[in-house]
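One structure is given below, encoded as structure tokens.
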Amino acid sequence: MPSNDTVPGARGEAARAALADIEARPGVPKPDAIVIADHVRRSFGGLTAVDVEHVEIQRGAITALIGPNGAGKTTFFNLITGFDDADEGKWSFNGRQVAGMAPYRLARIGMVRTFQLTKALSRMTVMDNMRLGAKGQTGERFFAAIFPFLWNGQEKSIAERSVGLLERFNLHEKVDDFAGSLSGGQRKLLEMARALMADPELIMLDEPMAGVNPALKQSLLGHIKTMREEGTTVLFVEHDMDMVHDISDWVIVMAQGSVIAEGPPDAVMKNQAVIDAYLGAHHDAQLTETGEALTDSADGDPR
Amino acid sequence: MDWSFVLTQTLTQAIGIQAIIYCLAAIGLNVQFGYTGLLNFGQVAFVAAGSYAVGVIVLTFDLSLWLAILVGIVVATIIALILGIPTLRLRADYLAIVTIAFSELVRLTVRSIAFRDVFGGAQGLNGKLGQDFHDTNPLPADFQSLPILSWTRQDLWVVIVGWILVAFFTFLVWMLVRSPWGRIVRGIREDENAVVSLGKNVFAYKLQALILGGIIGAFGGIVWAVAKQSVQPDTFRPEFTFFAYTILLLGGAARVMGPVVGAILFWIVLAGTGEFLGQAIQAGWIDFLQPTDVGNIRFVLMGSGLIALMVFRPQGIFGDRRELALDAK
């Protein structure tokens, strides 16, 4: 079983230490950025969904991307991973310019994402879902596929790796079940495990906790921390503030398409711009009690 | 009422040349639709490509049949590229629209007066199209007929080689779908974005599936031209594709043996009802039908049967109902 404690491991400590002295302002440079995006813009007709001036994602850390509904978080995800085309802008991954690169190629060089609406491949077994994630398979080439002796060995080692990951994600008893027969939470776990099969350097999770029960949430948190301990950079979109506070090393806040704040979780949650973005600038104009209640939770007190 | 005639005729057609042609077309569709989820409603265009490759190369240009087969494969590949490159990046429906339109485009082009010198216009191409193949017939020259199955010496040779082709392509599909390649195309059928997110070039796999299915369909057309020694433009109407889909659904999509069993069953029903009704009318059992109605009535029965299949066994003969019950997303 993965550890579910809230104490970060060695890599977590290192990630927090590396980010400790960074100024908390939008677009701040990071000591070791894995993704650097500049002037990324995407509009749908008259609506500018994303207009990010500059943002950097720290390597080896868990970065949360938060913001109210319609802030452009998922669109930004889609642009960076190549699933949507930006109107303008450029961004690099591991120092390499990747704007305009096909999404499958981005996945191959280590930027792997999951989806808000879980994409378990229903009419395939859990094992086949997992095997699909592995990279560089000889048997995936048309002519090699016809000759099993070319890929049988590789297939076996992929299966072993799959079983290992499924055990970690507590899905090993479901190996031969159709993915469509899993519960919503199990599908989230499967999608995460499948993404790990692709050896991501940066894993981008789009609302990993959406629709997941509290017990499973705890174990998902543990899995995400384990990913960081294994050296994977994590960027995730989330609404649940408690969770963001619990696991993220750095928080980026988007509103109306732009990055409005950045910083360690505690600082961000006290930030007036963030509170205004979530609740409206005049939310406490008349009802002072609401204002007080808000200040309490913004202190990061998880109730 | 000649029951033995009904039975022998039905059996002869159930495993005869027509069944082989439709079976090959359905195997191609199984790769495209059954496994990869590509809605190709123009499979008949690939079949026509095979047939006309034989007709044009052998008759119009007076070259060898073996070259014609090669040309058929190349033309099917080119058609798949023409249809696939602009549409396979888009949603699934676009391929369906483009393919059905393209298949009619092919038929209307080959039957047009403008190209009569090459494609023979509405009369098509008739002559010794399959001579190179029939020359290889190893059956004794004084061969009369098999006990029950009433094929000529020439037809029997086509049937033998035809079923070998079916076996070969069925085996090829079986090998492919149980490989990592097959895993990817099945993944594409379920959700292509998920497969993209794992670093697979989905577009290339869809194109490969479209080409492979098209080439298998073209072999159906080659068998047709060789067996009938004639290529007729109006046999390549869209309903050919729909019959091939019927066969696929009858046997069970995404099942290796689906198209084979589906094709045999399809022709048992179609030929069986046809022969039975014909005999029954002759014997005076049915007096409200004319012999000329039989051709249409058997399709009415086939349609009713298909509806019943969809209601009571939507997964087809070989399908797994649990799989259908799973929510696709």
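In the structure tokens, the first chain shown is A, the next is B, and so on; residue numbers restart at 1 for each chain, and ligands run from 1 in the order shown.
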
Determine, for each residue of chain B having at least one atom at most 7 Å from an atom of chain A, the closest pair of atoms and their separation in Å to one decimal, counting only C-alpha atoms; order by chain and ascending number, as JSON lines.
{"residue": "B:Met175", "atom": "CA", "partner": "A:Ile146", "partner_atom": "CA", "distance": 5.6}
{"residue": "B:Leu176", "atom": "CA", "partner": "A:Ile146", "partner_atom": "CA", "distance": 5.8}
{"residue": "B:Ser179", "atom": "CA", "partner": "A:Ala145", "partner_atom": "CA", "distance": 5.5}
{"residue": "B:Pro180", "atom": "CA", "partner": "A:Glu140", "partner_atom": "CA", "distance": 4.9}
{"residue": "B:Trp181", "atom": "CA", "partner": "A:Glu140", "partner_atom": "CA", "distance": 4.1}
{"residue": "B:Arg183", "atom": "CA", "partner": "A:Leu132", "partner_atom": "CA", "distance": 6.8}
{"residue": "B:Ile184", "atom": "CA", "partner": "A:Leu132", "partner_atom": "CA", "distance": 6.7}
{"residue": "B:Gly187", "atom": "CA", "partner": "A:Leu121", "partner_atom": "CA", "distance": 6.3}
{"residue": "B:Glu190", "atom": "CA", "partner": "A:Leu121", "partner_atom": "CA", "distance": 5.4}
{"residue": "B:Asp191", "atom": "CA", "partner": "A:Leu121", "partner_atom": "CA", "distance": 6.5}
{"residue": "B:Ala194", "atom": "CA", "partner": "A:Lys119", "partner_atom": "CA", "distance": 5.9}
{"residue": "B:Val196", "atom": "CA", "partner": "A:Tyr104", "partner_atom": "CA", "distance": 4.9}
{"residue": "B:Ser197", "atom": "CA", "partner": "A:Tyr104", "partner_atom": "CA", "distance": 6.0}
{"residue": "B:Leu198", "atom": "CA", "partner": "A:Gly133", "partner_atom": "CA", "distance": 5.5}
{"residue": "B:Gly199", "atom": "CA", "partner": "A:Tyr104", "partner_atom": "CA", "distance": 4.0}
{"residue": "B:Lys200", "atom": "CA", "partner": "A:Tyr104", "partner_atom": "CA", "distance": 5.4}
{"residue": "B:Asn201", "atom": "CA", "partner": "A:Tyr104", "partner_atom": "CA", "distance": 5.8}
{"residue": "B:Glu323", "atom": "CA", "partner": "A:Arg123", "partner_atom": "CA", "distance": 6.0}
{"residue": "B:Leu326", "atom": "CA", "partner": "A:Gly180", "partner_atom": "CA", "distance": 5.6}
{"residue": "B:Asp327", "atom": "CA", "partner": "A:Gly180", "partner_atom": "CA", "distance": 6.5}
{"residue": "B:Ala328", "atom": "CA", "partner": "A:Ser122", "partner_atom": "CA", "distance": 6.0}
{"residue": "B:Lys329", "atom": "CA", "partner": "A:Ser122", "partner_atom": "CA", "distance": 6.6}

(request) Please indicate the distance in Å from atom CA of Ile264 of chain B to atom CA of Gly220 of chain B, rounded to one decimal place. (result)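 It comes out at 14.9 Å.
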
(request) Would you work out the distance separating atom CA of Val251 of chain A from atom CA of Ala64 of chain A, expressed in Å to one decimal? (result)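 Going from atom CA of Val251 of chain A over to atom CA of Ala64 of chain A, I get 4.7 Å.
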
(request) Give me the residues within 9 Å of segment 137-144 of chain B as a PyMOL selection string, counting only C-alpha atoms and dropping any in the same chain fewer than 3 places off. (result) chain B and resi 133-134+151-154+156-158
